[in-house]
Structures are given as C-alpha cells and as structure tokens.
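> Got model-v8.tsv for you, TSV, C-alpha atoms (C1' of nucleotides):
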chain	number	residue	atom	x	y	z
A	18	MET	CA	0.99	4.25	1.31
A	19	PRO	CA	0.20	1.61	3.74
A	20	GLU	CA	1.74	-1.80	3.36
A	21	LEU	CA	1.32	-4.71	5.72
A	22	PRO	CA	3.03	-3.17	8.78
A	23	GLU	CA	1.09	0.08	8.55
A	24	VAL	CA	-2.20	-1.74	8.02
A	25	GLU	CA	-1.45	-4.02	10.98
A	26	ILE	CA	-0.86	-0.98	13.18
A	27	VAL	CA	-4.10	0.63	12.04
A	28	LYS	CA	-5.98	-2.60	12.70
A	29	ARG	CA	-4.55	-2.87	16.21
A	30	ALA	CA	-5.59	0.69	16.97
A	31	LEU	CA	-9.07	0.09	15.60
A	32	GLU	CA	-9.72	-2.89	17.84
A	33	PRO	CA	-10.33	-1.02	21.09
A	34	ALA	CA	-12.28	1.64	19.21
A	35	MET	CA	-14.62	-0.73	17.40
A	36	VAL	CA	-14.67	-4.29	18.73
A	37	GLY	CA	-17.43	-4.87	21.24
A	38	ARG	CA	-19.13	-1.60	20.36
A	39	ARG	CA	-22.22	-1.04	18.30
A	40	VAL	CA	-22.27	0.99	15.12
A	41	LYS	CA	-24.53	3.91	15.85
A	42	ARG	CA	-24.27	5.29	12.37
A	43	LEU	CA	-22.13	4.73	9.30
A	44	VAL	CA	-21.84	7.89	7.23
A	45	PHE	CA	-20.66	8.24	3.65
A	46	ASN	CA	-19.69	11.78	2.71
A	47	ARG	CA	-19.54	10.93	-0.99
A	48	ALA	CA	-20.77	8.17	-3.24
A	49	ASP	CA	-17.51	6.56	-4.20
A	50	LEU	CA	-13.85	6.14	-3.45
A	51	ARG	CA	-12.05	3.97	-5.94
A	52	PHE	CA	-15.32	2.06	-6.35
A	53	PRO	CA	-18.86	3.02	-5.41
A	54	LEU	CA	-19.39	2.79	-1.66
A	55	PRO	CA	-21.75	-0.08	-0.74
A	56	GLU	CA	-25.17	1.52	-0.43
A	57	GLY	CA	-26.61	-1.14	1.82
A	58	LEU	CA	-23.78	-1.24	4.34
A	59	PRO	CA	-24.90	1.58	6.66
A	60	LEU	CA	-28.25	-0.10	7.24
A	61	ALA	CA	-26.73	-3.57	7.51
A	62	LEU	CA	-24.38	-2.41	10.26
A	63	GLN	CA	-26.60	0.04	12.06
A	64	GLY	CA	-27.07	-0.95	15.70
A	65	GLN	CA	-24.88	-4.02	15.26
A	66	ARG	CA	-22.06	-4.88	17.59
A	67	ILE	CA	-18.69	-5.34	15.86
A	68	GLU	CA	-17.36	-8.70	16.97
A	69	ARG	CA	-14.07	-9.01	15.23
A	70	LEU	CA	-11.50	-7.19	13.12
A	71	LEU	CA	-8.82	-8.95	11.16
A	72	ARG	CA	-6.12	-8.10	8.69
A	73	ARG	CA	-5.40	-10.03	5.51
A	74	GLY	CA	-2.53	-8.64	3.45
A	75	LYS	CA	-3.21	-4.93	3.16
A	76	TYR	CA	-6.93	-5.36	3.84
A	77	ILE	CA	-8.79	-4.83	7.09
A	78	LEU	CA	-11.97	-6.85	7.57
A	79	GLY	CA	-14.62	-6.25	10.18
A	80	PHE	CA	-17.61	-8.40	11.09
A	81	ALA	CA	-20.68	-7.62	13.12
A	82	GLU	CA	-22.72	-9.99	15.27
A	83	ASN	CA	-25.33	-10.39	12.53
A	84	GLY	CA	-22.72	-11.62	10.04
A	85	ALA	CA	-22.62	-8.37	8.07
A	86	GLY	CA	-19.20	-6.94	7.52
A	87	PHE	CA	-16.87	-4.74	5.59
A	88	VAL	CA	-13.53	-4.89	3.85
A	89	LEU	CA	-11.34	-1.80	3.87
A	90	HIS	CA	-8.29	-1.04	1.76
A	91	LEU	CA	-6.34	2.17	2.29
A	92	GLY	CA	-4.89	2.39	-1.22
A	93	MET	CA	-1.94	4.75	-1.44
A	94	SER	CA	-3.13	7.75	0.52
A	95	GLY	CA	-5.77	6.38	2.86
A	96	ALA	CA	-5.53	7.02	6.59
A	97	VAL	CA	-7.72	6.23	9.56
A	98	ARG	CA	-8.27	8.75	12.31
A	99	ILE	CA	-9.83	7.88	15.64
A	100	GLU	CA	-11.48	10.81	17.33
A	101	PRO	CA	-12.27	10.57	21.03
A	102	PRO	CA	-15.96	10.51	21.96
A	103	ALA	CA	-15.99	13.84	23.75
A	104	GLY	CA	-13.70	15.55	21.31
A	105	THR	CA	-14.94	18.25	19.02
A	106	SER	CA	-15.50	16.26	15.86
A	107	LEU	CA	-13.28	18.07	13.45
A	108	HIS	CA	-13.91	17.55	9.79
A	109	GLU	CA	-10.91	17.52	7.55
A	110	LYS	CA	-10.73	17.65	3.82
A	111	HIS	CA	-11.13	14.17	2.27
A	112	ASP	CA	-12.93	12.66	5.24
A	113	HIS	CA	-15.04	10.30	3.15
A	114	VAL	CA	-16.35	7.71	5.59
A	115	GLU	CA	-17.20	7.91	9.28
A	116	PHE	CA	-18.08	5.09	11.66
A	117	HIS	CA	-19.91	6.62	14.62
A	118	MET	CA	-19.57	4.05	17.38
A	119	ASP	CA	-22.01	3.88	20.24
A	120	GLU	CA	-20.55	5.48	23.37
A	121	GLY	CA	-17.23	5.42	21.67
A	122	PRO	CA	-14.95	7.19	19.31
A	123	ARG	CA	-15.58	8.22	15.77
A	124	VAL	CA	-13.54	6.31	13.20
A	125	VAL	CA	-12.83	8.45	10.16
A	126	LEU	CA	-11.46	7.32	6.83
A	127	ASN	CA	-9.53	10.07	5.06
A	128	ASP	CA	-8.19	9.44	1.57
A	129	PRO	CA	-7.10	12.35	-0.66
A	130	ARG	CA	-6.41	10.29	-3.75
A	131	ARG	CA	-9.37	7.95	-3.26
A	132	PHE	CA	-7.37	4.93	-4.37
A	133	GLY	CA	-8.65	3.10	-1.34
A	134	PHE	CA	-12.01	1.42	-1.05
A	135	LEU	CA	-14.60	0.13	1.34
A	136	ASP	CA	-16.87	-2.74	0.40
A	137	ALA	CA	-19.48	-4.90	2.05
A	138	VAL	CA	-18.66	-8.53	2.65
A	139	GLY	CA	-20.45	-11.03	4.84
A	140	ARG	CA	-18.59	-13.13	7.39
A	141	GLU	CA	-19.67	-16.28	5.61
A	142	ASP	CA	-18.65	-15.28	2.09
A	143	CYS	CA	-15.45	-13.32	2.69
A	144	GLN	CA	-13.50	-16.36	1.50
A	145	ASP	CA	-15.07	-15.85	-1.91
A	146	TYR	CA	-14.26	-12.16	-2.09
A	147	PRO	CA	-12.12	-12.08	-5.26
A	148	ALA	CA	-9.11	-10.15	-3.99
A	149	LEU	CA	-8.97	-12.24	-0.83
A	150	ALA	CA	-9.58	-15.58	-2.52
A	151	ALA	CA	-6.62	-15.10	-4.84
A	152	MET	CA	-4.29	-13.74	-2.19
A	153	GLY	CA	-1.07	-15.52	-1.32
A	154	PRO	CA	0.02	-16.57	2.17
A	155	GLU	CA	0.47	-14.20	5.08
A	156	PRO	CA	4.22	-13.62	5.27
A	157	LEU	CA	4.20	-13.60	9.08
A	158	GLY	CA	2.00	-16.68	9.32
A	159	ASN	CA	2.79	-20.39	9.43
A	160	ASP	CA	1.79	-20.91	5.82
A	161	PHE	CA	4.73	-18.95	4.48
A	162	ASN	CA	8.14	-20.54	4.11
A	163	ALA	CA	10.94	-20.94	1.58
A	164	GLU	CA	9.36	-23.97	-0.11
A	165	ILE	CA	6.01	-22.23	-0.56
A	166	LEU	CA	7.77	-19.17	-1.94
A	167	ALA	CA	9.87	-21.30	-4.31
A	168	VAL	CA	6.76	-22.99	-5.71
A	169	ALA	CA	4.97	-19.67	-6.13
A	170	ILE	CA	7.76	-18.11	-8.19
A	171	LYS	CA	8.79	-21.24	-10.06
A	172	GLY	CA	8.98	-20.62	-13.79
A	173	ARG	CA	8.25	-16.91	-13.44
A	174	LYS	CA	10.27	-14.83	-15.84
A	175	THR	CA	9.33	-11.53	-14.29
A	176	PRO	CA	11.95	-9.85	-12.09
A	177	ILE	CA	11.83	-10.96	-8.46
A	178	LYS	CA	11.04	-7.35	-7.50
A	179	SER	CA	7.86	-7.39	-9.57
A	180	ALA	CA	6.92	-10.90	-8.45
A	181	LEU	CA	7.00	-9.89	-4.79
A	182	LEU	CA	4.61	-7.01	-5.48
A	183	ASP	CA	2.11	-9.57	-6.78
A	184	GLN	CA	-0.29	-10.16	-3.89
A	185	ARG	CA	-1.03	-13.67	-5.18
A	186	ILE	CA	2.54	-14.74	-4.43
A	187	VAL	CA	2.76	-13.32	-0.95
A	188	ALA	CA	0.31	-10.98	0.77
A	189	GLY	CA	0.91	-7.48	2.01
A	190	LEU	CA	4.20	-6.40	0.47
A	191	GLY	CA	4.45	-3.07	-1.34
A	192	ASN	CA	7.23	-1.16	-2.99
A	193	ILE	CA	9.06	-0.16	0.18
A	194	TYR	CA	9.24	-3.50	1.94
A	195	VAL	CA	10.00	-5.40	-1.26
A	196	CYS	CA	13.06	-3.20	-1.80
A	197	GLU	CA	14.14	-3.57	1.81
A	198	ALA	CA	13.59	-7.34	1.89
A	199	LEU	CA	15.59	-7.90	-1.29
A	200	TYR	CA	18.34	-5.78	0.18
A	201	ARG	CA	18.44	-7.78	3.40
A	202	ALA	CA	18.57	-11.00	1.39
A	203	ALA	CA	21.33	-9.55	-0.83
A	204	ILE	CA	19.36	-10.41	-3.96
A	205	ASP	CA	19.51	-8.33	-7.12
A	206	PRO	CA	15.98	-7.04	-7.83
A	207	ARG	CA	16.56	-7.61	-11.57
A	208	ARG	CA	16.98	-11.37	-11.22
A	209	ARG	CA	14.34	-13.53	-12.85
A	210	ALA	CA	12.06	-14.77	-10.09
A	211	GLY	CA	12.16	-18.35	-11.35
A	212	ASP	CA	15.96	-18.38	-11.26
A	213	LEU	CA	16.29	-18.08	-7.49
A	214	ASN	CA	17.74	-21.19	-5.87
A	215	ALA	CA	16.58	-22.80	-2.64
A	216	LYS	CA	19.14	-21.00	-0.54
A	217	GLU	CA	18.10	-17.64	-1.94
A	218	CYS	CA	14.44	-18.43	-1.37
A	219	THR	CA	15.26	-19.19	2.25
A	220	ALA	CA	17.16	-15.94	2.66
A	221	LEU	CA	14.37	-13.99	0.99
A	222	CYS	CA	11.70	-15.60	3.11
A	223	MET	CA	13.60	-14.77	6.30
A	224	SER	CA	14.26	-11.23	5.10
A	225	ILE	CA	10.62	-10.58	4.29
A	226	ARG	CA	9.62	-11.72	7.74
A	227	SER	CA	12.33	-9.79	9.54
A	228	VAL	CA	11.73	-6.50	7.75
A	229	LEU	CA	7.98	-6.69	8.36
A	230	ARG	CA	8.45	-7.57	12.03
A	231	ASP	CA	10.97	-4.76	12.50
A	232	ALA	CA	8.66	-2.29	10.79
A	233	ILE	CA	5.67	-3.22	12.94
A	234	GLU	CA	7.81	-2.91	16.02
A	235	ALA	CA	8.93	0.56	14.90
A	236	GLY	CA	5.35	1.68	14.37
A	237	GLY	CA	5.44	1.43	10.57
A	238	SER	CA	6.91	3.91	8.11
A	239	SER	CA	5.69	7.48	7.84
A	240	LEU	CA	6.46	8.97	4.46
A	241	LYS	CA	4.34	11.68	2.88
A	242	ASP	CA	1.14	11.09	4.72
A	243	TYR	CA	1.02	7.92	6.73
A	244	LYS	CA	0.18	8.55	10.35
A	245	HIS	CA	-1.14	6.43	13.17
A	246	THR	CA	-4.82	6.72	14.00
A	247	ASP	CA	-3.92	9.28	16.68
A	248	GLY	CA	-1.75	11.34	14.37
A	249	GLN	CA	1.56	9.97	15.67
A	250	LEU	CA	4.24	9.04	13.18
A	251	GLY	CA	5.95	5.70	12.72
A	252	TYR	CA	9.71	5.75	12.56
A	253	PHE	CA	10.77	2.75	10.50
A	254	GLN	CA	11.57	5.13	7.62
A	255	HIS	CA	14.71	6.03	9.56
A	256	HIS	CA	15.77	2.40	9.25
A	257	PHE	CA	15.51	2.12	5.48
A	258	ALA	CA	18.71	0.79	3.98
A	259	VAL	CA	17.84	1.52	0.36
A	260	TYR	CA	14.33	2.93	-0.10
A	261	ASP	CA	14.51	6.54	-1.33
A	262	ARG	CA	18.23	6.68	-0.51
A	263	VAL	CA	19.76	7.24	-3.96
A	264	GLY	CA	23.46	7.99	-3.75
A	265	GLN	CA	23.71	7.27	-0.06
A	266	GLY	CA	25.49	4.36	1.56
A	267	CYS	CA	23.33	1.40	2.46
A	268	GLY	CA	25.05	1.20	5.80
A	269	ALA	CA	26.39	-2.32	5.51
A	270	CYS	CA	29.10	-1.96	2.88
A	271	GLU	CA	31.31	0.78	1.54
A	272	CYS	CA	29.15	1.31	-1.51
A	273	ASP	CA	29.05	5.07	-1.07
A	274	ILE	CA	32.80	5.50	-1.27
A	275	VAL	CA	33.53	3.19	-4.16
A	276	GLU	CA	32.81	3.94	-7.78
A	277	THR	CA	29.25	2.63	-7.75
A	278	GLY	CA	28.14	5.69	-5.84
A	279	GLY	CA	25.81	4.19	-3.28
A	280	VAL	CA	22.18	3.18	-3.59
A	281	GLN	CA	20.75	3.24	-7.10
A	282	ARG	CA	17.25	3.74	-8.43
A	283	ILE	CA	15.91	1.88	-11.44
A	284	VAL	CA	12.40	1.51	-12.83
A	285	GLN	CA	10.78	-1.92	-13.06
A	286	ALA	CA	7.25	-2.39	-14.33
A	287	GLY	CA	6.76	1.33	-13.91
A	288	ARG	CA	7.75	1.37	-10.25
A	289	SER	CA	10.90	2.67	-8.59
A	290	THR	CA	13.28	0.07	-7.30
A	291	PHE	CA	16.08	1.03	-4.91
A	292	PHE	CA	19.03	-1.28	-4.36
A	293	CYS	CA	22.68	-1.41	-3.40
A	294	PRO	CA	24.72	-2.59	-6.40
A	295	GLU	CA	27.56	-3.65	-4.13
A	296	LYS	CA	25.58	-5.88	-1.84
A	297	GLN	CA	22.93	-6.93	-4.36
A	298	GLY	CA	25.00	-7.06	-7.53
B	29	DC	C1'	-1.33	-18.36	-18.56
B	30	DT	C1'	2.14	-14.47	-17.93
B	31	DC	C1'	3.77	-10.02	-18.31
B	32	DC	C1'	3.55	-5.09	-19.09
B	33	DT	C1'	1.21	-0.65	-19.69
B	34	DG	C1'	-2.14	2.62	-18.69
B	35	DT	C1'	-5.36	4.46	-15.49
B	36	DC	C1'	-7.89	6.06	-11.48
B	37	DC	C1'	-6.98	10.88	-8.13
B	38	DT	C1'	-4.85	14.63	-5.43
B	39	DG	C1'	-0.86	16.73	-3.43
B	40	DC	C1'	3.76	17.96	-3.29
B	41	DC	C1'	8.23	19.12	-4.91
B	42	DG	C1'	11.63	20.84	-8.00
B	43	DG	C1'	12.71	23.49	-12.03
B	44	DC	C1'	12.19	27.42	-14.72
C	10	DT	C1'	5.98	34.28	-6.56
C	11	DG	C1'	3.69	31.07	-9.65
C	12	DC	C1'	2.94	27.72	-13.02
C	13	DC	C1'	3.84	23.10	-14.84
C	14	DG	C1'	5.54	18.55	-15.28
C	15	DG	C1'	6.72	14.55	-12.92
C	16	DC	C1'	6.21	11.54	-9.33
C	17	DA	C1'	4.08	8.97	-5.25
C	18	DG	C1'	3.17	3.74	-0.71
C	19	DG	C1'	-1.79	0.08	-4.95
C	20	DA	C1'	-4.53	-2.65	-7.75
C	21	DC	C1'	-7.19	-3.57	-11.68
C	22	DA	C1'	-8.43	-3.97	-16.76
C	23	DG	C1'	-6.93	-4.86	-21.08
C	24	DG	C1'	-3.83	-6.08	-24.67
C	25	DA	C1'	0.31	-8.41	-26.53
Reformat the file's structure so that it appears as structure tokens.

Amino acid sequence: MPELPEVEIVKRALEPAMVGRRVKRLVFNRADLRFPLPEGLPLALQGQRIERLLRRGKYILGFAENGAGFVLHLGMSGAVRIEPPAGTSLHEKHDHVEFHMDEGPRVVLNDPRRFGFLDAVGREDCQDYPALAAMGPEPLGNDFNAEILAVAIKGRKTPIKSALLDQRIVAGLGNIYVCEALYRAAIDPRRRAGDLNAKECTALCMSIRSVLRDAIEAGGSSLKDYKHTDGQLGYFQHHFAVYDRVGQGCGACECDIVETGGVQRIVQAGRSTFFCPEKQG
DNA sequence: CTCCTGTCCTGCCGGC
DNA sequence: TGCCGGCAGGACAGGA
C-alpha cells in the first residue's frame, strides 16, 4: 500500500504522538510479521524517551535517547492507528504491535497481510542496515536530480517502469507513483531505462518530484485499505491520471475518444502498469 | 552484475 | 447465496 507520500503522512502524524514521550511498554501480539519481531526491542525501548523519527524511502525510523531504535516498513497492507490516551483501547483484527506511550496515545500497527516488518536498529548503525545502505537518493531531497538519475539508469536494459520500482535507483516509489510520474513525463513505460536521453531524465525527475509533492499535499492515496492514523482518508486517488483507469481518458488528451480506447494496462515484471498510449506512445 | 520469477499472507471482487 | 480463482500498494531470494 503505502508509498513515499503515505509513509511521510504517517510519520508526520506519529511525531506528536511519540517524539518527546517515553515508551511505557512495547507489546508484540505475535512473534513475527514478514520477519520475526526483534525480541530485545521491548526491553531496549522500555522507559526510553523517543527523540526523533525520520523517514527514508518507505521506511520510518525512530530513535530513543539511549541510542536504541526501530525501523518500520508497512509493506502492502500495513497501517498505523493512533488511539487517544483516554479512549477505550479497541483491539482490531491484525493489530500486531502496540507502542504504549507514557501519558500519551497508543500507537498500533495493523497489518492483515503481514508483508510489513519492524526491526531493531541502533542510531549509530542504521547507516549499515542493509536495505537503507543500498537505498537510492530521496526524490524530494537535494541529492536527486536529472544527472543522478541518468547515471543510475545508465546501461540498464530493464524497462524504465521496472527500474523506477528499484529502491536502489530512487527511494520511495511504488507502482502507483511510478505510473503517474511516467505519465506526467510523457514517457512510455516500456522504454529501456538506459535509452532515456538527458531531456527525458530531466522531465522524469521533475515529474517524480511533482507527483510526490502533490500526493503529500492531498493527504496521500487511499485505495483498498490505506487510511491516516486517525482513520481519515487521503484523496490523491481522485487525481490519478492513469493508475487503475483502464479505458478511461487520461484527462490531458483525447485518448478516450480515438481508437486507442483510453488508458491501457500491461504487465511488466509481474506488476500492472497503467499508461496512456496517446501521450506516452 | 542484471534481470525475471516465485513467494510470503489475507482480503476482496467478479464470475459462475 | 456461496465457492473459487485471480489480483493487490512491496521486497527479497534464487536462478538464468
């Protein structure tokens, strides 16, 4: 589910709930999600004040004053719920992890498919955490630009669609925002990544940034199950030009009334790709 | 190296 | 109404 914009929104909501507060108790309601839950984490965090949360790609990291910390990934179906301190602490199906904060809300991780994971990582060695160490630049940061992107995809024979899903090339993109970014840049998702010229890399870079910014501003995209930590829905899904819009017009050309028949769906590397053959052909 | 496939798991939707 | 197959936002291992 959650790609960079959704994770960013979750992280922003978690800050007032967690930062500056102590972890009264960290509770695991089962032994594993995608991977075994870190047995030592509850003790390492108990009584510790959370100093900082940060997002890297689709990961949320949190560090306590003693240097202990965690890395959280929501996978496809993971969601975070923040329950007010005085509220009746409702338990829902698939509530796997609960952060009970001192004099504060309860932060609940719910993940039906359990593709997400929570791991322990110290503040000092998070740079060495494998998934983070190999991760490409933050698309909204200063380290991402057309030249960097061009170097990263140089010589790659894989379709540009698949390349952009590779977190080592650029961090945080998933299937939705890759489709939308390629659409905005008017690039055919089937093109070989290494074949893009400098101008196209520039357009793609700008498109990636704009679609992510727009999505964050719109509160992310709520499809099957993504919700904000308070249960509210994002509304960027209403702004999709191509994602899950087979047969419909993309909105920018007359693709729906010419013979091409609007947005098309193809499968690349086992994933759905949506594109407008008129604009991106 | 690079690229692709299969796999983890549950829920939901459409077809029969 | 109910059952079944297919599909879903991600990431990793393993094999070609």
> Distance cut-off 9 Å, counting all atoms listed in the file - which residues of chain A neighbour chain B? Return them as a VMD selection string.
chain A and resid 51 129 to 132 173 to 175 241 286 to 287
> Find the residues near Cys222 (chain A): any atom within 8 Å, counting all atoms listed in the file, skip ones fewer than 5 places away on the same chain, and give them as a tab-separated table (two decimals) with C-alpha atoms, in the frame of the given file.

chain	number	residue	atom	x	y	z
A	161	PHE	CA	4.73	-18.95	4.48
A	162	ASN	CA	8.14	-20.54	4.11
A	163	ALA	CA	10.94	-20.94	1.58
A	166	LEU	CA	7.77	-19.17	-1.94
> Within 12 Å of chain A, which residues of chain C are there when counting only C-alpha atoms (C1' of nucleotides)? Please give them as a list of chain:residue names.
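Interface list for chain C against chain A: C:DC16, C:DA17, C:DG18, C:DG19, C:DA20, C:DC21.
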> State, in Å with one decimal place, the distance from CA of Leu126 (chain A) to CA of Leu50 (chain A).
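CA of Leu50 (chain A) lies at a distance of 10.6 Å from CA of Leu126 (chain A).
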> At what distance in Å, to one decimal, does CA of Ala220 (chain A) lie from CA of Ile283 (chain A)?
22.8 Å
> Which distance in Å separates CA of Cys143 (chain A) and CA of Glu25 (chain A), to one decimal?
18.7 Å
> I want to know what sits within 10 Å of Phe87 (chain A), based on all atoms listed in the file, with residues of the same chain fewer than 3 positions away left out; could you give that as a list of chain:residue names?
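Those residues are A:Pro55, A:Leu58, A:Leu62, A:Leu70, A:Ile77, A:Leu78, A:Gly79, A:Phe80, A:Ala81, A:Leu135, A:Asp136, A:Ala137, A:Val138, A:Gly139, A:Arg140, A:Cys143.
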> Using all atoms listed in the file, find the one residue out of A:Lys216, A:Cys196, A:Leu221, A:Glu276 that sits nearest to Arg262 (chain A).
A:Cys196
> Do a neighbour search on region 117-119 of chain A at 7 Å with only C-alpha atoms (C1' of nucleotides), toss out local chain neighbours closer than 4 positions, and write the hits as a list of chain:residue names.
A:Met35, A:Arg38, A:Arg39, A:Val40, A:Lys41, A:Arg42, A:Leu43, A:Arg123, A:Val124
> List the neighbours of Val259 (chain A) out to 7 Å using all atoms listed in the file; skip same-chain residues closer than 2 positions along the sequence, and give me the result as a VMD selection string.
chain A and resid 197 257 261 to 262 267 280 291 to 293
